[in-house]
Amino acid sequence: MEGALRIVVFSVIFLASQVNCQEAILHISNLNTEREYCLVHNHSWTPLSQSLDAAEQYTLVNLTFTVLCNRSGVSPDVVKDKAVVVMRGDCDFSQKALVAQSLGAKALLIASNISLITPSANDSEYAKVHIPLALMRYRDFLEAQQVFNDDMQVKLYAPPFSKIDASIAVMLLISIVTIALGGYWSGACESERLNSRFAGGGGEENKSDSGELFLYSPLKVVFFVAMMCGMLVLMYFFYSVLVYIIIAIFCLASASALYSCLDAVMDLIGCGTVSFSVRNYTFSVRSLILAAVCISIAVVWGVYRNEDRWIWILQDLLGIAFCLNFMKTISLSNFKICVILLSLLLVYDVFFVFITPFFTKNGVSIMVQVALGPDASAEKLPVVMRVPRFSAWAQNLCGMQFSILGYGDIIVPGLLVAYCSRFDVWINSRRKIYFLSCCIAYLLGMIVTFAVMLLSGMGQPALLYLVPFTLITSAVLAGCRGEMRQFWTGTSYEREELTPP
């Protein structure tokens, strides 16, 4: 059952996409106060200024009693040379803009009670409109009314969106630290298991053996990837139901993983514990406290998972713990299994990102559709690390913008890093040459991934770069050291451990 849950969670961890929006800022002020609110506009209409100082200031006229599909009920003298705000609905955006323009308005704001979308029209309509047009939230306008009453001076501007953001460096740091810690932990557990075996304790299970799952058969690897494909397709067709199952599984799995990580840290620093017995059951005080903390964190994330302003911190913490525990728990027995698994997952990633759009009705890849959900308001799968974009001020007003990295882009190469770390233990490499080389290869692969993303302006399937970098580096190193045969097949200890009776 535990293995099945791991497959279910693992099958949805490759989902990372970005949405290109056209956000802008509405600056409202009077003599005493100023506020800024979210706008969504379209560059095809009259473009907005890129800075507040360069933006033209208008007096805002409240026309939210009308949708402005025609001139009736609105006097040109009231709106001439001013900005107007009207309600969304009943006619298209271009018609509202043409009516406002004919009345002499200098800018049009459309207040919306539903999700904001980029205002668009037929190509022939854009050239007819010569005033700025943008959508805003109706609740933002009501808030502004409470602050400013009817004395509102407004400026519309769209600061340039920088592709390069400090969040990319933070994401790179998270990924490489997680990879390095996970690989080191796997190697330390292997060293502890070997020492226990040689000390005559092979008949007893220790913490390093608990819950460990070995992948040693190519057939099992193929079955594992096939299960992932099936799960992704099921998510595509039954997203609205399965998303809540995945969220529940993530809460359980991440809480358990966080407990394992914190328990290992406590052991490392030599933190003792006190035990007590109740009706022949023994309980550890440290374990109870850790379990309570981990469950509480997972529950808080589950309850507030849509609070973008701060919940990303807990999601990243749980995600890091999940990745670390996965790398420590899932063991690939030899390099042959590593090559088969990583190659199949690379094909899986490329197929569901680049090939499936040719078969879907809306031309969107199955992976992107599952990652984003069927619509903007749908629940999102907790399968990515998220770091807010620090420079995206306009975008963050409309909704927090994140740099994201799928858990799969850490776990999949991480399984190879963990194997390299264990192999260093088997050959008694004091310099950890395989482990360090694979970590460096992963870092270079991530740098190339982000560079291609910035140059192309599109989200990239990171495994397309990470898998070749890590596999080729490990193979070349083993070949140069004359250890390829042993690296390919694993050690005699490992084969003995995995041979069924």
# chains A, B, ... in the order shown; residues from 1 in each chain; ligands from 1
call {"tool": "residues_around", "arguments": {"residues": "Phe335 in chain A", "least_positions_apart": "6", "cutoff": "7 Å", "atoms": "only C-alpha atoms", "output": "ChimeraX atom specification"}}
result
/A:487-489
call {"tool": "residues_around", "arguments": {"residues": "range 44-54 of chain A", "least_positions_apart": "2", "cutoff": "7 Å", "atoms": "only C-alpha atoms", "output": "list in words"}}
result
Asn42, Glu56, Tyr126, Val129, His130, Ile131, Pro132, Leu133, Leu156, Tyr157, Ala158, Pro159 and Pro160 of chain A
call {"tool": "write_last_selection", "arguments": {"atoms": "all heavy atoms", "output": "compact mmCIF listing (two decimals), in the first residue's frame"}}
result
# COMPACT_ATOMS: atom_id res chain seq x y z
N ASN A 42 -4.40 44.84 -22.34
CA ASN A 42 -3.96 44.14 -23.55
C ASN A 42 -3.06 45.10 -24.33
O ASN A 42 -3.47 46.21 -24.66
CB ASN A 42 -5.17 43.73 -24.39
CG ASN A 42 -4.79 42.83 -25.56
OD1 ASN A 42 -3.69 42.89 -26.06
ND2 ASN A 42 -5.73 42.00 -25.97
N GLU A 56 -0.07 59.76 -17.56
CA GLU A 56 -0.93 60.94 -17.49
C GLU A 56 -1.98 60.76 -16.40
O GLU A 56 -2.50 59.65 -16.22
CB GLU A 56 -1.60 61.17 -18.84
CG GLU A 56 -2.33 62.49 -18.94
CD GLU A 56 -2.83 62.79 -20.34
OE1 GLU A 56 -2.40 62.07 -21.27
OE2 GLU A 56 -3.63 63.73 -20.50
N TYR A 126 -8.99 46.85 -32.84
CA TYR A 126 -7.95 47.49 -32.04
C TYR A 126 -7.60 48.88 -32.55
O TYR A 126 -7.40 49.83 -31.78
CB TYR A 126 -6.69 46.62 -32.00
CG TYR A 126 -6.85 45.33 -31.23
CD1 TYR A 126 -6.56 44.10 -31.81
CD2 TYR A 126 -7.28 45.34 -29.92
CE1 TYR A 126 -6.71 42.91 -31.11
CE2 TYR A 126 -7.43 44.17 -29.20
CZ TYR A 126 -7.14 42.96 -29.81
OH TYR A 126 -7.29 41.79 -29.11
N VAL A 129 -9.75 52.04 -31.49
CA VAL A 129 -9.75 52.53 -30.11
C VAL A 129 -8.44 53.27 -29.84
O VAL A 129 -7.36 52.71 -30.05
CB VAL A 129 -9.94 51.37 -29.12
CG1 VAL A 129 -9.87 51.88 -27.69
CG2 VAL A 129 -11.26 50.67 -29.37
N HIS A 130 -8.55 54.50 -29.34
CA HIS A 130 -7.36 55.33 -29.12
C HIS A 130 -7.20 55.74 -27.66
O HIS A 130 -6.38 56.61 -27.36
CB HIS A 130 -7.44 56.58 -29.99
CG HIS A 130 -7.67 56.30 -31.45
ND1 HIS A 130 -6.76 55.62 -32.24
CD2 HIS A 130 -8.75 56.56 -32.25
CE1 HIS A 130 -7.24 55.50 -33.47
NE2 HIS A 130 -8.45 56.05 -33.50
N ILE A 131 -7.97 55.13 -26.76
CA ILE A 131 -7.84 55.44 -25.34
C ILE A 131 -7.41 54.18 -24.59
O ILE A 131 -7.70 53.06 -25.03
CB ILE A 131 -9.17 55.98 -24.75
CG1 ILE A 131 -10.28 54.92 -24.86
CG2 ILE A 131 -9.57 57.27 -25.44
CD1 ILE A 131 -11.57 55.32 -24.18
N PRO A 132 -6.72 54.33 -23.47
CA PRO A 132 -6.34 53.14 -22.68
C PRO A 132 -7.57 52.42 -22.15
O PRO A 132 -8.56 53.05 -21.77
CB PRO A 132 -5.50 53.73 -21.54
CG PRO A 132 -5.06 55.07 -22.03
CD PRO A 132 -6.15 55.57 -22.93
N LEU A 133 -7.49 51.09 -22.12
CA LEU A 133 -8.58 50.25 -21.63
C LEU A 133 -7.98 49.17 -20.74
O LEU A 133 -6.97 48.55 -21.10
CB LEU A 133 -9.33 49.64 -22.81
CG LEU A 133 -10.49 48.66 -22.52
CD1 LEU A 133 -11.48 48.69 -23.68
CD2 LEU A 133 -10.01 47.23 -22.32
N LEU A 156 -2.61 55.22 -14.95
CA LEU A 156 -2.50 53.84 -15.41
C LEU A 156 -1.11 53.64 -15.98
O LEU A 156 -0.68 54.41 -16.87
CB LEU A 156 -3.54 53.52 -16.48
CG LEU A 156 -5.00 53.35 -16.08
CD1 LEU A 156 -5.61 54.67 -15.59
CD2 LEU A 156 -5.81 52.84 -17.28
N TYR A 157 -0.39 52.64 -15.47
CA TYR A 157 0.93 52.37 -16.04
C TYR A 157 1.26 50.88 -15.91
O TYR A 157 0.72 50.17 -15.06
CB TYR A 157 2.00 53.23 -15.38
CG TYR A 157 2.32 52.91 -13.95
CD1 TYR A 157 3.48 52.23 -13.61
CD2 TYR A 157 1.48 53.32 -12.91
CE1 TYR A 157 3.79 51.95 -12.28
CE2 TYR A 157 1.78 53.05 -11.59
CZ TYR A 157 2.94 52.36 -11.28
OH TYR A 157 3.24 52.08 -9.97
N ALA A 158 2.14 50.43 -16.79
CA ALA A 158 2.53 49.02 -16.85
C ALA A 158 4.05 48.92 -16.80
O ALA A 158 4.72 49.04 -17.84
CB ALA A 158 1.99 48.37 -18.13
N PRO A 159 4.61 48.75 -15.60
CA PRO A 159 6.07 48.64 -15.50
C PRO A 159 6.57 47.42 -16.25
O PRO A 159 5.90 46.39 -16.31
CB PRO A 159 6.31 48.51 -13.99
CG PRO A 159 5.01 48.04 -13.42
CD PRO A 159 3.95 48.60 -14.30
N PRO A 160 7.73 47.51 -16.87
CA PRO A 160 8.25 46.38 -17.64
C PRO A 160 8.49 45.17 -16.77
O PRO A 160 8.90 45.29 -15.61
CB PRO A 160 9.56 46.91 -18.25
CG PRO A 160 9.94 48.08 -17.37
CD PRO A 160 8.65 48.67 -16.88
call {"tool": "closest_residue", "arguments": {"among": "A:Leu242, A:Ala97, A:Ala111, A:Leu463", "to": "Thr64 in chain A", "atoms": "only C-alpha atoms"}}
result
A:Ala111
call {"tool": "residues_around", "arguments": {"residues": "range 413-421 of chain A", "least_positions_apart": "4", "cutoff": "6 Å", "atoms": "only C-alpha atoms", "output": "ChimeraX atom specification"}}
result
/A:179,183,186-187,327,434-435,438
call {"tool": "write_last_selection", "arguments": {"atoms": "N, CA, C and O atoms", "output": "JSON list (two decimals), in the first residue's frame"}}
result
[["chain", "number", "residue", "atom", "x", "y", "z"],
["A", 179, "ILE", "N", 19.14, 18.28, -3.41],
["A", 179, "ILE", "CA", 19.83, 17.17, -4.08],
["A", 179, "ILE", "C", 21.03, 16.70, -3.25],
["A", 179, "ILE", "O", 21.23, 15.49, -3.03],
["A", 183, "GLY", "N", 21.22, 13.08, -1.33],
["A", 183, "GLY", "CA", 22.26, 12.12, -1.70],
["A", 183, "GLY", "C", 23.16, 11.77, -0.52],
["A", 183, "GLY", "O", 23.51, 10.60, -0.31],
["A", 186, "SER", "N", 21.29, 9.44, 1.85],
["A", 186, "SER", "CA", 21.24, 8.07, 1.33],
["A", 186, "SER", "C", 22.56, 7.35, 1.54],
["A", 186, "SER", "O", 22.61, 6.18, 1.93],
["A", 187, "GLY", "N", 23.67, 8.06, 1.28],
["A", 187, "GLY", "CA", 24.98, 7.46, 1.48],
["A", 187, "GLY", "C", 25.26, 7.16, 2.94],
["A", 187, "GLY", "O", 25.85, 6.12, 3.28],
["A", 327, "MET", "N", 14.35, 10.42, -1.79],
["A", 327, "MET", "CA", 15.68, 10.03, -2.23],
["A", 327, "MET", "C", 16.34, 9.05, -1.28],
["A", 327, "MET", "O", 17.11, 8.17, -1.70],
["A", 434, "TYR", "N", 32.03, 10.33, -7.01],
["A", 434, "TYR", "CA", 30.82, 10.15, -7.83],
["A", 434, "TYR", "C", 29.70, 11.07, -7.36],
["A", 434, "TYR", "O", 29.00, 11.69, -8.17],
["A", 435, "PHE", "N", 29.54, 11.17, -6.06],
["A", 435, "PHE", "CA", 28.48, 12.02, -5.49],
["A", 435, "PHE", "C", 28.70, 13.48, -5.87],
["A", 435, "PHE", "O", 27.79, 14.16, -6.36],
["A", 438, "CYS", "N", 28.22, 14.16, -9.68],
["A", 438, "CYS", "CA", 26.82, 14.15, -10.10],
["A", 438, "CYS", "C", 26.10, 15.41, -9.62],
["A", 438, "CYS", "O", 25.25, 15.96, -10.33]]
call {"tool": "residues_around", "arguments": {"residues": "Pro461 in chain A", "least_positions_apart": "2", "cutoff": "12 Å", "atoms": "only C-alpha atoms", "output": "PDB file with N, CA and C atoms, in the first residue's frame"}}
result
ATOM      1  N   ILE A  13       4.465  14.725 -10.161  1.00  0.00           N
ATOM      2  CA  ILE A  13       5.460  15.674  -9.675  1.00  0.00           C
ATOM      3  C   ILE A  13       6.268  16.323 -10.784  1.00  0.00           C
ATOM      4  N   PHE A  14       5.831  16.173 -12.035  1.00  0.00           N
ATOM      5  CA  PHE A  14       6.569  16.746 -13.154  1.00  0.00           C
ATOM      6  C   PHE A  14       5.867  17.970 -13.728  1.00  0.00           C
ATOM      7  N   LEU A  15       5.016  18.643 -12.943  1.00  0.00           N
ATOM      8  CA  LEU A  15       4.111  19.629 -13.503  1.00  0.00           C
ATOM      9  C   LEU A  15       4.601  21.034 -13.163  1.00  0.00           C
ATOM     10  N   ALA A  16       5.174  21.722 -14.115  1.00  0.00           N
ATOM     11  CA  ALA A  16       5.630  23.081 -13.871  1.00  0.00           C
ATOM     12  C   ALA A  16       5.387  23.915 -15.114  1.00  0.00           C
ATOM     13  N   SER A  17       4.574  24.944 -15.017  1.00  0.00           N
ATOM     14  CA  SER A  17       4.231  25.760 -16.162  1.00  0.00           C
ATOM     15  C   SER A  17       4.150  27.215 -15.738  1.00  0.00           C
ATOM     16  N   GLN A  18       4.141  28.108 -16.731  1.00  0.00           N
ATOM     17  CA  GLN A  18       4.004  29.524 -16.450  1.00  0.00           C
ATOM     18  C   GLN A  18       2.905  30.103 -17.316  1.00  0.00           C
ATOM     19  N   LEU A 345      11.609   8.323 -17.948  1.00  0.00           N
ATOM     20  CA  LEU A 345      10.969   9.524 -17.422  1.00  0.00           C
ATOM     21  C   LEU A 345      11.246  10.744 -18.293  1.00  0.00           C
ATOM     22  N   LEU A 346      12.398  10.769 -18.935  1.00  0.00           N
ATOM     23  CA  LEU A 346      12.674  11.841 -19.898  1.00  0.00           C
ATOM     24  C   LEU A 346      11.709  11.763 -21.074  1.00  0.00           C
ATOM     25  N   VAL A 347      11.515  10.547 -21.610  1.00  0.00           N
ATOM     26  CA  VAL A 347      10.561  10.358 -22.708  1.00  0.00           C
ATOM     27  C   VAL A 347       9.149  10.718 -22.238  1.00  0.00           C
ATOM     28  N   TYR A 348       8.812  10.293 -21.039  1.00  0.00           N
ATOM     29  CA  TYR A 348       7.497  10.610 -20.448  1.00  0.00           C
ATOM     30  C   TYR A 348       7.290  12.125 -20.387  1.00  0.00           C
ATOM     31  N   ASP A 349       8.299  12.837 -19.915  1.00  0.00           N
ATOM     32  CA  ASP A 349       8.201  14.284 -19.764  1.00  0.00           C
ATOM     33  C   ASP A 349       8.013  14.965 -21.118  1.00  0.00           C
ATOM     34  N   VAL A 350       8.857  14.602 -22.077  1.00  0.00           N
ATOM     35  CA  VAL A 350       8.798  15.223 -23.400  1.00  0.00           C
ATOM     36  C   VAL A 350       7.487  14.884 -24.105  1.00  0.00           C
ATOM     37  N   PHE A 351       7.043  13.631 -24.005  1.00  0.00           N
ATOM     38  CA  PHE A 351       5.807  13.215 -24.678  1.00  0.00           C
ATOM     39  C   PHE A 351       4.601  13.989 -24.155  1.00  0.00           C
ATOM     40  N   PHE A 352       4.454  14.065 -22.838  1.00  0.00           N
ATOM     41  CA  PHE A 352       3.257  14.705 -22.288  1.00  0.00           C
ATOM     42  C   PHE A 352       3.311  16.223 -22.353  1.00  0.00           C
ATOM     43  N   VAL A 353       4.503  16.799 -22.611  1.00  0.00           N
ATOM     44  CA  VAL A 353       4.597  18.251 -22.778  1.00  0.00           C
ATOM     45  C   VAL A 353       4.482  18.655 -24.244  1.00  0.00           C
ATOM     46  N   PHE A 354       5.210  17.975 -25.133  1.00  0.00           N
ATOM     47  CA  PHE A 354       5.319  18.422 -26.522  1.00  0.00           C
ATOM     48  C   PHE A 354       4.444  17.652 -27.514  1.00  0.00           C
ATOM     49  N   MET A 367       0.065  17.542 -19.619  1.00  0.00           N
ATOM     50  CA  MET A 367       0.800  17.892 -18.416  1.00  0.00           C
ATOM     51  C   MET A 367       0.513  19.324 -17.982  1.00  0.00           C
ATOM     52  N   VAL A 368       0.476  20.255 -18.939  1.00  0.00           N
ATOM     53  CA  VAL A 368       0.184  21.646 -18.605  1.00  0.00           C
ATOM     54  C   VAL A 368      -1.243  21.779 -18.086  1.00  0.00           C
ATOM     55  N   ILE A 404       8.714  28.533 -10.374  1.00  0.00           N
ATOM     56  CA  ILE A 404       8.351  27.207  -9.882  1.00  0.00           C
ATOM     57  C   ILE A 404       9.274  26.139 -10.458  1.00  0.00           C
ATOM     58  N   LEU A 405       9.415  25.066  -9.696  1.00  0.00           N
ATOM     59  CA  LEU A 405      10.199  23.904 -10.122  1.00  0.00           C
ATOM     60  C   LEU A 405       9.502  22.661  -9.608  1.00  0.00           C
ATOM     61  N   GLY A 406       9.201  21.738 -10.512  1.00  0.00           N
ATOM     62  CA  GLY A 406       8.507  20.520 -10.127  1.00  0.00           C
ATOM     63  C   GLY A 406       9.354  19.635  -9.225  1.00  0.00           C
ATOM     64  N   GLY A 408       9.579  16.585  -9.387  1.00  0.00           N
ATOM     65  CA  GLY A 408      10.221  15.572 -10.226  1.00  0.00           C
ATOM     66  C   GLY A 408      11.566  16.002 -10.749  1.00  0.00           C
ATOM     67  N   ASP A 409      11.760  17.322 -10.937  1.00  0.00           N
ATOM     68  CA  ASP A 409      13.042  17.826 -11.420  1.00  0.00           C
ATOM     69  C   ASP A 409      14.111  17.767 -10.343  1.00  0.00           C
ATOM     70  N   GLY A 445      23.241  21.451 -15.219  1.00  0.00           N
ATOM     71  CA  GLY A 445      22.003  21.206 -15.951  1.00  0.00           C
ATOM     72  C   GLY A 445      20.918  22.193 -15.584  1.00  0.00           C
ATOM     73  N   MET A 446      20.812  22.538 -14.294  1.00  0.00           N
ATOM     74  CA  MET A 446      19.821  23.510 -13.852  1.00  0.00           C
ATOM     75  C   MET A 446      20.137  24.896 -14.413  1.00  0.00           C
ATOM     76  N   VAL A 448      21.685  25.573 -17.207  1.00  0.00           N
ATOM     77  CA  VAL A 448      21.310  25.551 -18.623  1.00  0.00           C
ATOM     78  C   VAL A 448      19.792  25.639 -18.781  1.00  0.00           C
ATOM     79  N   THR A 449      19.058  24.929 -17.921  1.00  0.00           N
ATOM     80  CA  THR A 449      17.590  24.970 -17.985  1.00  0.00           C
ATOM     81  C   THR A 449      17.067  26.387 -17.810  1.00  0.00           C
ATOM     82  N   PHE A 450      17.552  27.081 -16.789  1.00  0.00           N
ATOM     83  CA  PHE A 450      17.096  28.451 -16.541  1.00  0.00           C
ATOM     84  C   PHE A 450      17.546  29.390 -17.657  1.00  0.00           C
ATOM     85  N   VAL A 452      18.007  28.631 -20.879  1.00  0.00           N
ATOM     86  CA  VAL A 452      17.134  28.405 -22.034  1.00  0.00           C
ATOM     87  C   VAL A 452      15.751  28.999 -21.779  1.00  0.00           C
ATOM     88  N   MET A 453      15.258  28.871 -20.552  1.00  0.00           N
ATOM     89  CA  MET A 453      13.954  29.436 -20.212  1.00  0.00           C
ATOM     90  C   MET A 453      13.945  30.952 -20.381  1.00  0.00           C
ATOM     91  N   MET A 458       9.920  30.781 -22.375  1.00  0.00           N
ATOM     92  CA  MET A 458       8.963  29.693 -22.165  1.00  0.00           C
ATOM     93  C   MET A 458       9.466  28.772 -21.061  1.00  0.00           C
ATOM     94  N   GLY A 459       8.539  28.203 -20.285  1.00  0.00           N
ATOM     95  CA  GLY A 459       8.890  27.188 -19.316  1.00  0.00           C
ATOM     96  C   GLY A 459       9.464  25.966 -20.004  1.00  0.00           C
ATOM     97  N   LEU A 463      13.923  18.058 -17.113  1.00  0.00           N
ATOM     98  CA  LEU A 463      14.556  16.746 -17.297  1.00  0.00           C
ATOM     99  C   LEU A 463      15.228  16.616 -18.654  1.00  0.00           C
ATOM    100  N   LEU A 464      14.804  17.409 -19.623  1.00  0.00           N
ATOM    101  CA  LEU A 464      15.413  17.381 -20.944  1.00  0.00           C
ATOM    102  C   LEU A 464      16.894  17.727 -20.873  1.00  0.00           C
ATOM    103  N   TYR A 465      17.279  18.493 -19.876  1.00  0.00           N
ATOM    104  CA  TYR A 465      18.677  18.891 -19.702  1.00  0.00           C
ATOM    105  C   TYR A 465      19.330  18.158 -18.525  1.00  0.00           C
ATOM    106  N   LEU A 466      18.570  17.913 -17.462  1.00  0.00           N
ATOM    107  CA  LEU A 466      19.151  17.311 -16.261  1.00  0.00           C
ATOM    108  C   LEU A 466      19.534  15.853 -16.473  1.00  0.00           C
ATOM    109  N   VAL A 467      18.682  15.097 -17.156  1.00  0.00           N
ATOM    110  CA  VAL A 467      18.971  13.670 -17.356  1.00  0.00           C
ATOM    111  C   VAL A 467      20.254  13.458 -18.160  1.00  0.00           C
TER     112      VAL A 467
END
call {"tool": "residues_around", "arguments": {"residues": "Ala298 in chain A", "least_positions_apart": "5", "cutoff": "10 Å", "atoms": "only C-alpha atoms", "output": "number ranges by chain"}}
result
A: 248, 250-256, 258, 293, 303, 305, 314-315, 317-318
call {"tool": "closest_residue", "arguments": {"among": "A:Trp312, A:Tyr259, A:Phe358, A:Phe402", "to": "Leu290 in chain A", "atoms": "only C-alpha atoms"}}
result
A:Tyr259
call {"tool": "closest_residue", "arguments": {"among": "A:Gln486, A:Ser75, A:Thr118, A:Gln145", "to": "Leu60 in chain A", "atoms": "only C-alpha atoms"}}
result
A:Gln145
call {"tool": "closest_residue", "arguments": {"among": "A:Val265, A:Cys439, A:Asn362, A:Ile337", "to": "Leu219 in chain A", "atoms": "only C-alpha atoms"}}
result
A:Ile337
call {"tool": "closest_residue", "arguments": {"among": "A:Phe276, A:Leu68, A:Leu173, A:Glu23", "to": "Asp90 in chain A", "atoms": "only C-alpha atoms"}}
result
A:Leu68
call {"tool": "atom_distance", "arguments": {"atom1": "CA of Gly89 in chain A", "atom2": "CA of Ala55 in chain A"}}
result
27.7 Å
